[in-house]
file target-v4.txt (compact mmCIF, C-alpha atoms)
# COMPACT_ATOMS: atom_id res chain seq x y z
CA MET R 705 0.00 0.00 0.00
CA ALA R 706 2.03 2.89 -1.24
CA THR R 707 -1.06 4.83 -2.01
CA TYR R 708 -1.71 6.52 1.32
CA LYS R 709 0.59 9.09 2.86
CA LYS R 710 1.96 9.35 6.36
CA ILE R 711 3.52 12.72 7.03
CA LYS R 712 5.43 14.17 9.95
CA HIS R 713 4.01 17.34 11.43
CA VAL R 714 6.05 20.44 10.53
CA LEU R 715 6.16 21.75 14.10
CA TYR R 716 5.95 18.52 16.06
CA PRO R 717 8.05 15.84 14.32
CA ASP R 718 6.90 13.26 16.88
CA SER R 719 3.38 13.58 15.52
CA THR R 720 2.24 12.11 12.21
CA ILE R 721 -0.69 12.71 9.91
CA THR R 722 -1.96 9.84 7.75
CA LEU R 723 -4.02 10.63 4.67
CA ALA R 724 -5.85 7.99 2.65
CA LEU R 725 -8.59 7.88 0.05
CA TYR R 726 -11.04 5.06 -0.52
CA SER R 727 -13.35 5.01 -3.48
CA GLY R 728 -15.90 2.63 -4.94
CA LEU R 729 -17.56 1.86 -1.58
CA GLU R 730 -21.03 0.50 -1.37
CA SER R 731 -21.71 2.68 1.61
CA CYS R 732 -19.86 4.50 4.30
CA LYS R 733 -22.33 3.40 6.94
CA ASP R 734 -20.34 0.73 8.80
CA LEU R 735 -17.21 2.83 8.92
CA ARG R 736 -19.12 5.84 10.19
CA LYS R 737 -20.73 3.68 12.83
CA SER R 738 -17.34 2.44 14.05
CA VAL R 739 -16.05 6.00 14.26
CA MET R 740 -19.13 7.17 16.16
CA GLU R 741 -18.77 4.28 18.60
CA GLY R 742 -15.13 5.10 19.05
CA THR R 743 -13.72 1.77 17.93
CA VAL R 744 -12.02 3.56 15.04
CA VAL R 745 -10.40 6.90 15.74
CA ALA R 746 -10.13 8.92 12.55
CA SER R 747 -11.59 11.85 10.59
CA LEU R 748 -13.87 10.89 7.75
CA LEU R 749 -14.07 13.64 5.16
CA LYS R 750 -16.18 14.18 2.11
CA PRO R 751 -14.00 13.88 -1.01
CA SER R 752 -16.28 16.16 -3.00
CA MET R 753 -15.19 19.05 -0.75
CA ILE R 754 -11.47 18.42 -1.26
CA VAL R 755 -9.49 19.68 -4.26
CA ASP R 756 -6.09 18.41 -3.15
CA PRO R 757 -4.58 16.40 -0.26
CA PHE R 758 -2.67 19.56 0.66
CA GLN R 759 -5.97 21.18 1.65
CA VAL R 760 -6.56 18.45 4.25
CA LEU R 761 -2.95 18.59 5.33
CA THR R 762 -3.28 22.30 6.11
CA ALA R 763 -6.36 21.63 8.24
CA ALA R 764 -4.78 18.62 9.98
CA ASN R 765 -1.58 20.52 10.59
CA LYS R 766 -3.59 23.25 12.24
CA ALA R 767 -5.71 20.82 14.25
CA VAL R 768 -2.64 19.09 15.70
CA HIS R 769 -1.12 22.46 16.55
CA LEU R 770 -4.32 23.60 18.29
CA SER R 771 -4.49 20.34 20.20
CA ARG R 772 -0.87 20.68 21.36
CA THR R 773 -1.45 24.23 22.51
CA ASN R 774 -4.81 23.40 24.12
CA ASN R 775 -6.76 25.71 21.89
CA MET R 776 -9.17 23.28 20.31
CA THR R 777 -12.77 24.26 19.66
CA THR R 778 -14.04 20.68 19.44
CA LYS R 779 -13.51 17.67 21.70
CA ASN R 780 -10.66 15.87 20.00
CA VAL R 781 -8.08 16.30 17.31
CA HIS R 782 -10.00 14.30 14.72
CA SER R 783 -13.15 16.33 14.99
CA GLU R 784 -10.93 19.40 15.02
CA ILE R 785 -9.58 18.47 11.57
CA LEU R 786 -13.13 18.54 10.25
CA PHE R 787 -13.82 21.82 11.95
CA CYS R 788 -10.56 23.37 10.68
CA LEU R 789 -11.34 22.26 7.16
CA SER R 790 -14.70 23.95 7.20
CA PRO R 791 -15.10 27.72 6.83
CA SER R 792 -18.07 27.62 9.20
CA LYS R 793 -17.94 28.55 12.87
CA ASN R 794 -20.73 26.13 13.57
CA ILE R 795 -19.49 22.67 14.52
CA SER R 796 -22.51 20.64 13.45
CA GLU R 797 -22.76 22.53 10.18
CA SER R 798 -19.08 21.79 9.56
CA PHE R 799 -19.71 18.10 10.16
CA ARG R 800 -22.69 18.10 7.86
CA SER R 801 -20.94 19.74 4.92
CA PHE R 802 -17.41 18.33 5.30
CA GLY R 803 -17.90 14.99 7.05
CA ALA R 804 -18.58 11.80 5.14
CA ALA R 805 -22.23 10.74 4.93
CA ASP R 806 -23.69 7.20 5.05
CA SER R 807 -24.58 7.31 1.37
CA ASP R 808 -21.15 8.43 0.15
CA THR R 809 -19.33 6.06 -2.18
CA SER R 810 -15.91 7.49 -1.39
CA VAL R 811 -14.24 8.76 1.75
CA PHE R 812 -11.09 10.72 2.52
CA VAL R 813 -9.53 9.60 5.81
CA ALA R 814 -7.20 11.62 8.03
CA ILE R 815 -5.62 10.00 11.09
CA VAL R 816 -3.32 11.62 13.60
CA ASP R 817 -0.59 9.45 15.18
CA ASP R 818 -1.62 6.14 13.68
CA ALA R 819 0.98 3.85 15.27
CA GLU R 820 1.98 1.03 12.91
CA ASP R 821 -0.95 1.99 10.66
CA LYS R 822 -3.30 0.00 12.90
CA THR R 823 -6.26 2.32 12.38
CA LEU R 824 -5.74 2.44 8.63
CA THR R 825 -5.56 -1.35 8.44
CA ARG R 826 -8.77 -1.59 10.49
CA ILE R 827 -10.52 0.86 8.13
CA SER R 828 -9.42 -1.15 5.10
CA GLU R 829 -10.84 -4.26 6.79
CA ILE R 830 -14.18 -2.64 7.54
CA LEU R 831 -14.51 -1.32 3.99
CA GLY R 832 -13.06 -4.47 2.45
CA LEU R 833 -10.97 -2.24 0.16
CA SER R 834 -7.45 -0.90 -0.18
CA PRO R 835 -6.91 2.83 -0.37
CA VAL R 836 -6.46 4.36 -3.81
CA SER R 837 -3.97 7.13 -4.60
CA ILE R 838 -4.81 10.22 -2.52
CA ASP R 839 -4.21 12.46 -5.52
CA ASP R 840 -7.30 10.92 -7.13
CA VAL R 841 -9.33 13.14 -4.83
CA ALA R 842 -8.92 15.93 -7.40
CA SER R 843 -11.24 14.08 -9.78
CA LEU R 844 -13.90 13.68 -7.06
CA ALA R 845 -13.95 17.37 -6.09
CA ASP R 846 -17.07 19.40 -6.73
CA THR R 847 -15.59 22.84 -7.35
CA VAL R 848 -18.97 24.53 -7.66
CA LEU R 849 -19.97 23.30 -4.21
CA ILE R 850 -16.55 24.19 -2.79
CA THR R 851 -16.64 27.70 -4.24
CA LYS R 852 -20.02 28.20 -2.64
CA ALA R 853 -19.08 26.73 0.75
CA TYR R 854 -15.93 28.83 1.08
CA LYS R 855 -17.58 31.85 -0.56
CA LEU R 856 -14.74 32.32 -3.03
CA SER R 857 -15.01 35.48 -5.09
CA GLU R 858 -14.74 35.46 -8.86
CA GLU R 859 -11.66 37.68 -8.84
CA GLU R 860 -10.04 35.28 -6.45
CA ILE R 861 -10.63 32.19 -8.56
CA SER R 862 -9.41 33.93 -11.68
CA THR R 863 -6.22 35.09 -9.93
CA TYR R 864 -5.23 31.99 -7.98
CA PRO R 865 -5.35 28.22 -8.11
CA ILE R 866 -8.42 27.26 -6.09
CA LEU R 867 -6.21 25.26 -3.69
CA ASP R 868 -4.29 28.37 -2.61
CA ALA R 869 -7.50 30.26 -1.99
CA LEU R 870 -8.75 27.44 0.26
CA VAL R 871 -5.45 27.00 2.10
CA SER R 872 -5.30 30.68 3.04
CA ARG R 873 -8.86 30.58 4.31
CA ILE R 874 -8.28 27.46 6.36
CA ALA R 875 -5.09 28.88 7.89
CA ALA R 876 -6.72 32.20 8.72
CA LYS R 877 -10.19 30.96 9.65
CA GLU R 878 -10.43 32.40 13.16
CA ILE R 879 -9.02 35.69 11.99
CA ILE R 880 -11.50 36.25 9.20
CA THR R 881 -14.51 35.10 11.14
CA ALA R 882 -13.51 37.27 14.08
CA GLY R 883 -13.30 40.26 11.75
CA LYS R 884 -16.87 39.92 10.56
CA GLY R 885 -19.23 42.76 11.27
CA LYS R 886 -16.42 45.15 11.89
CA ASN R 887 -15.78 46.74 8.51
CA MET C 626 17.81 28.57 6.98
CA ALA C 627 18.55 32.19 6.10
CA VAL C 628 17.32 34.80 8.53
CA LEU C 629 16.44 38.40 7.78
CA GLN C 630 15.90 40.77 10.62
CA GLY C 631 13.61 43.79 10.51
CA ALA C 632 12.44 46.19 13.16
CA GLU C 633 9.29 44.23 13.94
CA ALA C 634 9.98 40.70 12.88
CA LYS C 635 12.45 38.07 11.86
CA LEU C 636 12.03 36.39 8.52
CA TYR C 637 13.16 32.80 8.12
CA LEU C 638 13.66 31.98 4.46
CA GLY C 639 13.96 28.66 2.70
CA GLY C 640 11.56 26.70 4.88
CA ASP C 641 9.36 23.87 3.75
CA PHE C 642 5.67 23.42 4.52
CA TYR C 643 4.75 19.91 3.45
CA GLY C 644 6.63 20.20 0.22
CA ARG C 645 5.91 23.83 -0.54
CA PRO C 646 8.54 26.56 -0.15
CA CYS C 647 7.69 28.60 2.89
CA ILE C 648 8.89 31.61 4.82
CA ILE C 649 8.19 32.20 8.48
CA LYS C 650 7.61 35.71 9.73
CA GLU C 651 8.07 35.79 13.46
CA ARG C 652 7.24 38.89 15.43
CA PHE C 653 9.61 38.86 18.36
CA GLN C 654 9.06 40.23 21.81
CA LYS C 655 9.89 43.88 22.37
CA ASN C 656 11.57 44.21 25.71
CA TYR C 657 11.12 47.96 25.87
CA ARG C 658 7.35 47.58 25.92
CA HIS C 659 5.20 46.54 28.80
CA PRO C 660 4.60 42.79 28.35
CA ILE C 661 0.82 43.08 28.32
CA LEU C 662 0.85 45.88 25.79
CA ASP C 663 3.44 44.06 23.72
CA LYS C 664 1.32 40.93 23.58
CA ALA C 665 -1.80 42.83 22.62
CA LEU C 666 -0.05 44.83 19.90
CA THR C 667 1.72 41.82 18.45
CA SER C 668 -1.39 39.71 18.23
CA GLN C 669 -3.37 42.61 16.80
CA ARG C 670 -0.76 43.20 14.10
CA ILE C 671 -0.60 39.57 13.13
CA LYS C 672 -4.35 39.52 12.78
CA SER C 673 -4.51 42.68 10.72
CA GLU C 674 -1.68 41.47 8.53
CA VAL C 675 -3.40 38.19 7.78
CA ARG C 676 -6.76 39.86 7.34
CA ALA C 677 -5.42 42.42 4.84
CA ASN C 678 -3.63 39.68 2.95
CA LEU C 679 -6.87 37.73 2.62
CA ARG C 680 -8.94 40.76 1.72
CA CYS C 681 -6.49 41.57 -1.07
CA ARG C 682 -6.78 38.03 -2.36
CA ILE C 683 -10.54 38.28 -2.38
CA ALA C 684 -10.19 41.47 -4.42
CA GLY C 685 -8.02 39.55 -6.88
CA ILE C 686 -4.64 41.01 -5.91
CA GLN C 687 -1.77 38.54 -5.72
CA THR C 688 -0.35 38.05 -2.21
CA PRO C 689 1.55 35.14 -0.66
CA THR C 690 -0.65 32.20 0.38
CA ILE C 691 -0.91 31.85 4.16
CA PHE C 692 -0.17 28.31 5.33
CA MET C 693 -0.46 28.66 9.08
CA VAL C 694 -0.70 31.21 11.86
CA ASN C 695 0.96 30.28 15.11
CA PHE C 696 -0.23 32.54 17.93
CA ASP C 697 2.07 30.78 20.36
CA THR C 698 5.21 32.00 18.67
CA ASN C 699 3.59 34.95 16.89
CA SER C 700 4.58 33.55 13.52
CA ILE C 701 2.97 33.51 10.14
CA TYR C 702 3.90 30.70 7.79
CA MET C 703 3.45 31.75 4.22
CA GLU C 704 4.32 30.88 0.68
CA GLU C 705 7.74 31.91 -0.50
CA ILE C 706 7.34 33.53 -3.89
CA GLN C 707 9.92 31.72 -5.93
CA ASP C 708 11.98 33.36 -8.60
CA ALA C 709 10.91 36.89 -7.73
CA VAL C 710 12.59 40.28 -7.57
CA THR C 711 11.34 43.32 -5.72
CA VAL C 712 10.05 46.17 -7.86
CA ARG C 713 12.83 48.21 -6.34
CA GLN C 714 15.52 45.85 -7.63
CA HIS C 715 13.87 45.70 -11.01
CA ILE C 716 13.70 49.47 -11.42
CA ASN C 717 17.33 49.77 -10.36
CA THR C 718 18.37 47.10 -12.87
CA VAL C 719 16.52 48.78 -15.71
CA GLN C 720 17.80 52.22 -14.80
CA ALA C 721 21.37 50.97 -14.52
CA ALA C 722 21.23 49.25 -17.88
CA GLU C 723 19.60 52.15 -19.67
CA LEU C 724 21.61 55.35 -19.53
CA ASN C 725 18.96 57.44 -21.21
CA PRO C 726 16.39 58.27 -18.49
CA ALA C 727 13.58 58.78 -20.98
CA SER C 728 13.95 55.34 -22.46
CA ALA C 729 14.27 53.71 -19.02
CA CYS C 730 11.05 55.42 -18.11
CA SER C 731 9.22 54.17 -21.16
CA GLN C 732 10.43 50.65 -20.41
CA LEU C 733 9.07 50.87 -16.88
CA LYS C 734 5.76 52.42 -17.87
CA PRO C 735 3.82 49.14 -18.13
CA LEU C 736 4.97 48.24 -14.62
CA ALA C 737 3.87 51.61 -13.26
CA GLU C 738 0.46 51.07 -14.82
CA ALA C 739 0.19 47.61 -13.28
CA ILE C 740 1.04 49.08 -9.87
CA GLY C 741 -1.58 51.79 -10.33
CA ARG C 742 -4.26 49.27 -11.26
CA THR C 743 -3.41 47.01 -8.33
CA LEU C 744 -3.54 49.89 -5.85
CA ALA C 745 -6.86 51.02 -7.29
CA LYS C 746 -8.28 47.54 -6.66
CA MET C 747 -6.89 47.57 -3.15
CA HIS C 748 -8.29 50.97 -2.25
CA THR C 749 -11.64 50.13 -3.83
CA SER C 750 -11.84 47.32 -1.26
CA ASN C 751 -10.96 49.88 1.43
CA ILE C 752 -7.66 48.24 2.27
CA ILE C 753 -4.91 50.64 3.33
CA HIS C 754 -1.52 48.99 2.99
CA GLY C 755 0.23 51.43 5.33
CA ASP C 756 3.73 50.78 4.07
CA LEU C 757 3.71 51.01 0.30
CA THR C 758 7.26 50.96 -0.99
CA THR C 759 8.85 49.44 -4.05
CA SER C 760 10.46 46.88 -1.73
CA ASN C 761 7.04 45.62 -0.67
CA MET C 762 6.06 44.74 -4.21
CA LEU C 763 7.38 41.64 -5.91
CA LEU C 764 7.55 40.65 -9.54
CA GLU C 765 7.32 36.92 -9.99
CA GLY C 766 9.04 35.19 -12.87
CA ASP C 767 9.98 37.30 -15.87
CA PRO C 768 9.49 40.94 -14.78
CA SER C 769 8.03 41.78 -18.20
CA GLU C 770 5.06 39.53 -17.41
CA LEU C 771 4.07 41.97 -14.66
CA SER C 772 2.99 39.28 -12.20
CA LEU C 773 2.79 41.71 -9.29
CA PHE C 774 2.56 40.58 -5.66
CA LEU C 775 1.94 42.85 -2.70
CA ILE C 776 3.62 41.80 0.52
CA ASP C 777 4.06 42.92 4.13
CA PHE C 778 0.68 44.03 5.40
CA GLY C 779 2.00 44.54 8.90
CA LEU C 780 0.88 48.17 9.04
CA SER C 781 -2.35 47.75 7.14
CA SER C 782 -5.78 48.90 8.18
CA PHE C 783 -9.27 49.08 6.74
CA GLU C 784 -10.45 52.58 6.05
CA ALA C 785 -12.84 54.03 3.54
CA SER C 786 -11.68 57.62 3.96
CA ALA C 787 -9.99 59.59 1.20
CA GLU C 788 -7.53 60.87 3.78
CA ASP C 789 -6.10 57.42 4.51
CA LYS C 790 -5.95 56.47 0.84
CA GLY C 791 -4.26 59.77 0.04
CA VAL C 792 -1.67 59.18 2.74
CA ASP C 793 -1.13 55.64 1.44
CA LEU C 794 -0.31 57.05 -2.01
CA TYR C 795 1.81 59.78 -0.49
CA VAL C 796 3.91 57.22 1.38
CA LEU C 797 4.49 55.42 -1.90
CA GLU C 798 5.37 58.65 -3.68
CA ARG C 799 7.98 59.51 -1.07
CA ALA C 800 9.40 56.00 -1.14
CA PHE C 801 9.42 56.06 -4.91
CA LEU C 802 11.13 59.39 -5.33
CA SER C 803 13.70 58.76 -2.61
CA SER C 804 14.73 55.31 -3.80
CA HIS C 805 14.61 55.96 -7.54
CA PRO C 806 16.06 59.08 -9.16
CA ASN C 807 14.14 60.70 -12.01
CA SER C 808 11.00 58.80 -11.24
CA GLN C 809 8.36 61.53 -10.92
CA GLU C 810 7.12 60.66 -14.39
CA LEU C 811 6.74 57.00 -13.38
CA PHE C 812 4.80 57.92 -10.29
CA ASP C 813 2.52 60.06 -12.45
CA CYS C 814 1.93 56.94 -14.57
CA ILE C 815 0.93 55.06 -11.42
CA LEU C 816 -1.53 57.79 -10.52
CA ALA C 817 -2.95 57.92 -14.04
CA ALA C 818 -3.57 54.16 -14.05
CA TYR C 819 -4.97 54.37 -10.51
CA THR C 820 -7.43 57.06 -11.58
CA ASP C 821 -8.30 55.19 -14.74
CA GLN C 822 -9.00 51.92 -12.94
CA THR C 823 -11.05 53.29 -10.04
CA GLN C 824 -14.74 53.00 -10.90
CA ASP C 825 -16.01 55.58 -8.48
CA LYS C 826 -14.66 58.73 -10.12
CA ASN C 827 -15.83 61.10 -7.41
CA ALA C 828 -14.17 59.11 -4.64
CA CYS C 829 -11.03 58.90 -6.71
CA LYS C 830 -10.95 62.64 -7.30
CA GLU C 831 -11.24 63.14 -3.58
CA VAL C 832 -8.30 60.81 -2.94
CA ILE C 833 -6.13 62.65 -5.46
CA SER C 834 -7.01 66.04 -4.01
CA LYS C 835 -6.21 64.66 -0.55
CA LEU C 836 -2.87 63.52 -1.95
CA ASP C 837 -2.17 67.08 -3.10
CA GLU C 838 -3.12 68.34 0.33
CA VAL C 839 -0.91 65.78 2.08
CA ARG C 840 1.99 66.69 -0.19
CA LEU C 841 1.87 70.20 1.22
CA ARG C 842 1.56 69.31 4.85
CA GLY C 843 3.22 65.90 5.17
CA ARG C 844 1.83 62.60 6.37
CA LYS C 845 0.68 63.80 9.77
CA ARG C 846 -2.49 65.78 10.09
CA THR C 847 -2.13 69.36 11.27
CA MET C 848 -3.30 69.64 14.81
CA VAL C 849 -4.07 73.34 14.78
CA GLY C 850 -7.37 74.65 16.05

call {"tool": "encode", "arguments": {"input": "target-v4.txt", "output": "structure tokens"}}
result
Amino acid sequence: MATYKKIKHVLYPDSTITLALYSGLESCKDLRKSVMEGTVVASLLKPSMIVDPFQVLTAANKAVHLSRTNNMTTKNVHSEILFCLSPSKNISESFRSFGAADSDTSVFVAIVDDAEDKTLTRISEILGLSPVSIDDVASLADTVLITKAYKLSEEEISTYPILDALVSRIAAKEIITAGKGKN
Amino acid sequence: MAVLQGAEAKLYLGGDFYGRPCIIKERFQKNYRHPILDKALTSQRIKSEVRANLRCRIAGIQTPTIFMVNFDTNSIYMEEIQDAVTVRQHINTVQAAELNPASACSQLKPLAEAIGRTLAKMHTSNIIHGDLTTSNMLLEGDPSELSLFLIDFGLSSFEASAEDKGVDLYVLERAFLSSHPNSQELFDCILAAYTDQTQDKNACKEVISKLDEVRLRGRKRTMVG
């Protein structure tokens, strides 16, 4: 399985982030159930909201940093990844738009500190599938939906690659949302 | 990792953020300030810097992509613009190569127009850069392609007033004329493009007349009366 990626955190080299993509699932129901019950600890993301693995990496990087500095908004680092990825300040809305749903036929998985890839192996078992190349997520992305969710302006999309627009927004989320109303 | 030191921050060059070239701008502690004030000012400046950067992007102006903001170390991780020169370097290169000032000026005219258009976009979105100099503008790739980036929003603010926009232009004019000899004509090109690009002609006229006023009195408002 050379298809998934396990990456060391930029600030905390003792922490790793695993990214994997599964496609062609019948349903995401069993996996979601295991995550809800806590037998599998991972973030399940909606591939249609992801243009590039780097987008998830930015959110995961931030989530790990917030968890290390005790500044998380949500309960754990995996839910924080979902929250960081979303432009919304509302946790349940973030989960609804960026978390995998039961009916999804593909899922993007992010796992923090997966020792010996145990969690990833367990996920592959539950789904009965091996992960595909994470870069395939680009072909699953729904840019219209993404543009709407992140409220990207037309000038912005014509000036930048969409990924860069998203990355900046994810990195600066609390700063832009805090600035609302004032000016 | 190369380090550049400014008055407000240290810049670490040549970093890597998950495979993308990255620079880290770290605002260090100022020991001459009261710690509480220092903390408040630093965090406020980081926020306004990031906010202005994003606002510019939304307006379609090129700025470095922000990768991460670390409030613990007061650092901003952002994209390193590869293969870029500052506008200042570029003007110096052109002026040094071209002994005839008139022909140097005509070569730099398209750049001046690009700067004017970019600033018009920025001011239309009510973003005041606060520190417009030719060193805070980058040209990516071949300078003739005019891929202009604005950087360093550390002193930026959000104001709709003609006064602030006028001062912003005045700061650039002073920086322009003091770092580049024989450049009044170029600055006039910037202003012409700025005026041309701004949709709201009345507001623009007001900004230009404020600029004339500021030229007479300097950047600081007169406190008489």

call {"tool": "closest_atom_pairs", "arguments": {"input": "target-v4.txt", "of": "chain R", "to": "chain C", "cutoff": "9 Å", "atoms": "all atoms listed in the file", "output": "tab-separated table"}}
result
residue	atom	partner	partner_atom	distance
R:Ile711	CA	C:Tyr643	CA	8.1
R:Lys712	CA	C:Tyr643	CA	8.7
R:His713	CA	C:Tyr643	CA	8.4
R:Val714	CA	C:Phe642	CA	6.7
R:Phe758	CA	C:Tyr643	CA	7.9
R:Leu761	CA	C:Tyr643	CA	8.0
R:Thr762	CA	C:Phe692	CA	6.8
R:Asn765	CA	C:Met693	CA	8.4
R:Lys766	CA	C:Met693	CA	7.0
R:His769	CA	C:Asn695	CA	8.2
R:Thr773	CA	C:Asp697	CA	7.7
R:Leu856	CA	C:Ile683	CA	7.3
R:Ser857	CA	C:Ile683	CA	5.9
R:Glu858	CA	C:Gly685	CA	8.1
R:Glu859	CA	C:Gly685	CA	4.5
R:Glu860	CA	C:Gly685	CA	4.7
R:Ile861	CA	C:Gly685	CA	8.0
R:Ser862	CA	C:Gly685	CA	7.5
R:Thr863	CA	C:Gly685	CA	5.7
R:Tyr864	CA	C:Gln687	CA	7.7
R:Asp868	CA	C:Thr690	CA	6.1
R:Ala869	CA	C:Thr690	CA	7.5
R:Val871	CA	C:Phe692	CA	6.3
R:Ser872	CA	C:Ile691	CA	4.7
R:Arg873	CA	C:Leu679	CA	7.6
R:Ile874	CA	C:Phe692	CA	8.2
R:Ala875	CA	C:Met693	CA	4.8
R:Ala876	CA	C:Val694	CA	6.9
R:Ile879	CA	C:Lys672	CA	6.1
R:Ile880	CA	C:Arg676	CA	6.2
R:Gly883	CA	C:Arg676	CA	7.9
R:Asn887	CA	C:Phe783	CA	7.1

call {"tool": "atom_distance", "arguments": {"input": "target-v4.txt", "atom1": "atom CA of R:Ser837", "atom2": "atom CA of R:Leu723"}}
result
9.9 Å

call {"tool": "atom_distance", "arguments": {"input": "target-v4.txt", "atom1": "atom CA of R:Val841", "atom2": "atom CA of R:Ser719"}}
result
24.0 Å

call {"tool": "atom_distance", "arguments": {"input": "target-v4.txt", "atom1": "atom CA of C:Lys655", "atom2": "atom CA of C:Leu757"}}
result
24.0 Å

call {"tool": "residues_near_point", "arguments": {"input": "target-v4.txt", "point": "(-10.8, 61.2, -7.0)", "cutoff": "12 Å", "atoms": "all atoms listed in the file", "output": "list in words"}}
result
Ala745, His748, Thr749, Ser786, Ala787, Glu788, Lys790, Gly791, Leu816, Ala817, Tyr819, Thr820, Asp821, Gln822, Thr823, Gln824, Asp825, Lys826, Asn827, Ala828, Cys829, Lys830, Glu831, Val832, Ile833, Ser834, Lys835, Leu836 and Asp837 of chain C

call {"tool": "residues_around", "arguments": {"input": "target-v4.txt", "residues": "R:Leu870", "least_positions_apart": "4", "cutoff": "8 Å", "atoms": "all atoms listed in the file", "output": "PDB file with C-alpha atoms, in the coordinates of the input"}}
result
ATOM      1  CA  GLN R 759      -5.970  21.180   1.650  1.00  0.00           C
ATOM      2  CA  TYR R 854     -15.930  28.830   1.080  1.00  0.00           C
ATOM      3  CA  ILE R 866      -8.420  27.260  -6.090  1.00  0.00           C
ATOM      4  CA  ILE R 874      -8.280  27.460   6.360  1.00  0.00           C
TER       5      ILE R 874
END

call {"tool": "closest_residue", "arguments": {"input": "target-v4.txt", "among": "R:Ala853, R:Val739, R:Ile754, R:Ala767", "to": "R:Pro791", "atoms": "only C-alpha atoms"}}
result
R:Ala853

call {"tool": "residues_around", "arguments": {"input": "target-v4.txt", "residues": "C:Glu770", "least_positions_apart": "3", "cutoff": "12 Å", "atoms": "all atoms listed in the file", "output": "tab-separated table (two decimals) with C-alpha atoms, in the coordinates of the input"}}
result
chain	number	residue	atom	x	y	z
C	709	ALA	CA	10.91	36.89	-7.73
C	735	PRO	CA	3.82	49.14	-18.13
C	736	LEU	CA	4.97	48.24	-14.62
C	739	ALA	CA	0.19	47.61	-13.28
C	763	LEU	CA	7.38	41.64	-5.91
C	764	LEU	CA	7.55	40.65	-9.54
C	765	GLU	CA	7.32	36.92	-9.99
C	766	GLY	CA	9.04	35.19	-12.87
C	767	ASP	CA	9.98	37.30	-15.87
C	773	LEU	CA	2.79	41.71	-9.29

call {"tool": "closest_residue", "arguments": {"input": "target-v4.txt", "among": "R:Asp806, R:Glu730, R:Asp817, R:Asp846", "to": "R:Tyr716", "atoms": "only C-alpha atoms"}}
result
R:Asp817

call {"tool": "residues_around", "arguments": {"input": "target-v4.txt", "residues": "R:Thr825", "least_positions_apart": "2", "cutoff": "12 Å", "atoms": "only C-alpha atoms", "output": "list of chain:residue names"}}
result
R:Met705, R:Tyr708, R:Thr722, R:Ala724, R:Val744, R:Ala746, R:Val813, R:Ile815, R:Asp818, R:Ala819, R:Glu820, R:Asp821, R:Lys822, R:Thr823, R:Ile827, R:Ser828, R:Glu829, R:Ile830, R:Leu831, R:Gly832, R:Leu833, R:Ser834, R:Pro835

call {"tool": "axis_aligned_box", "arguments": {"input": "target-v4.txt", "around": "stretch 802-811 of chain R", "padding_each_side": "6 Å", "output": "JSON"}}
result
{"center_x": -19.4, "center_y": 12.2, "center_z": 2.4, "size_x": 22.3, "size_y": 24.3, "size_z": 21.2}

call {"tool": "residues_around", "arguments": {"input": "target-v4.txt", "residues": "R:Cys788", "least_positions_apart": "2", "cutoff": "7 Å", "atoms": "all atoms listed in the file", "output": "mmCIF file with C-alpha atoms, in the frame of the given file"}}
result
data_model
loop_
_atom_site.group_PDB
_atom_site.id
_atom_site.type_symbol
_atom_site.label_atom_id
_atom_site.label_comp_id
_atom_site.auth_asym_id
_atom_site.auth_seq_id
_atom_site.Cartn_x
_atom_site.Cartn_y
_atom_site.Cartn_z
ATOM 1 C CA ALA R 763 -6.360 21.630 8.240
ATOM 2 C CA ALA R 767 -5.710 20.820 14.250
ATOM 3 C CA GLU R 784 -10.930 19.400 15.020
ATOM 4 C CA ILE R 785 -9.580 18.470 11.570
ATOM 5 C CA LEU R 786 -13.130 18.540 10.250
ATOM 6 C CA SER R 790 -14.700 23.950 7.200
ATOM 7 C CA ILE R 874 -8.280 27.460 6.360
#

call {"tool": "closest_residue", "arguments": {"input": "target-v4.txt", "among": "R:Ile795, R:Ala804, R:Ala764, R:Leu789", "to": "R:Thr777", "atoms": "only C-alpha atoms"}}
result
R:Ile795

call {"tool": "decode", "arguments": {"input": "target-v4.txt", "residues": "stretch 719-725 of chain R", "atoms": "N, CA and C atoms", "output": "compact mmCIF listing (two decimals), in the first residue's frame"}}
result
# COMPACT_ATOMS: atom_id res chain seq x y z
N SER R 719 4.77 13.82 15.86
CA SER R 719 3.38 13.58 15.52
C SER R 719 3.27 13.33 14.01
N THR R 720 2.40 12.38 13.64
CA THR R 720 2.24 12.11 12.21
C THR R 720 0.80 12.31 11.78
N ILE R 721 0.64 12.58 10.50
CA ILE R 721 -0.69 12.71 9.91
C ILE R 721 -0.77 11.71 8.76
N THR R 722 -1.77 10.83 8.82
CA THR R 722 -1.96 9.84 7.75
C THR R 722 -3.13 10.28 6.90
N LEU R 723 -2.94 10.29 5.60
CA LEU R 723 -4.02 10.63 4.67
C LEU R 723 -4.27 9.45 3.75
N ALA R 724 -5.53 9.10 3.55
CA ALA R 724 -5.85 7.99 2.65
C ALA R 724 -7.19 8.25 1.99
N LEU R 725 -7.34 7.72 0.79
CA LEU R 725 -8.59 7.88 0.05
C LEU R 725 -9.12 6.51 -0.34
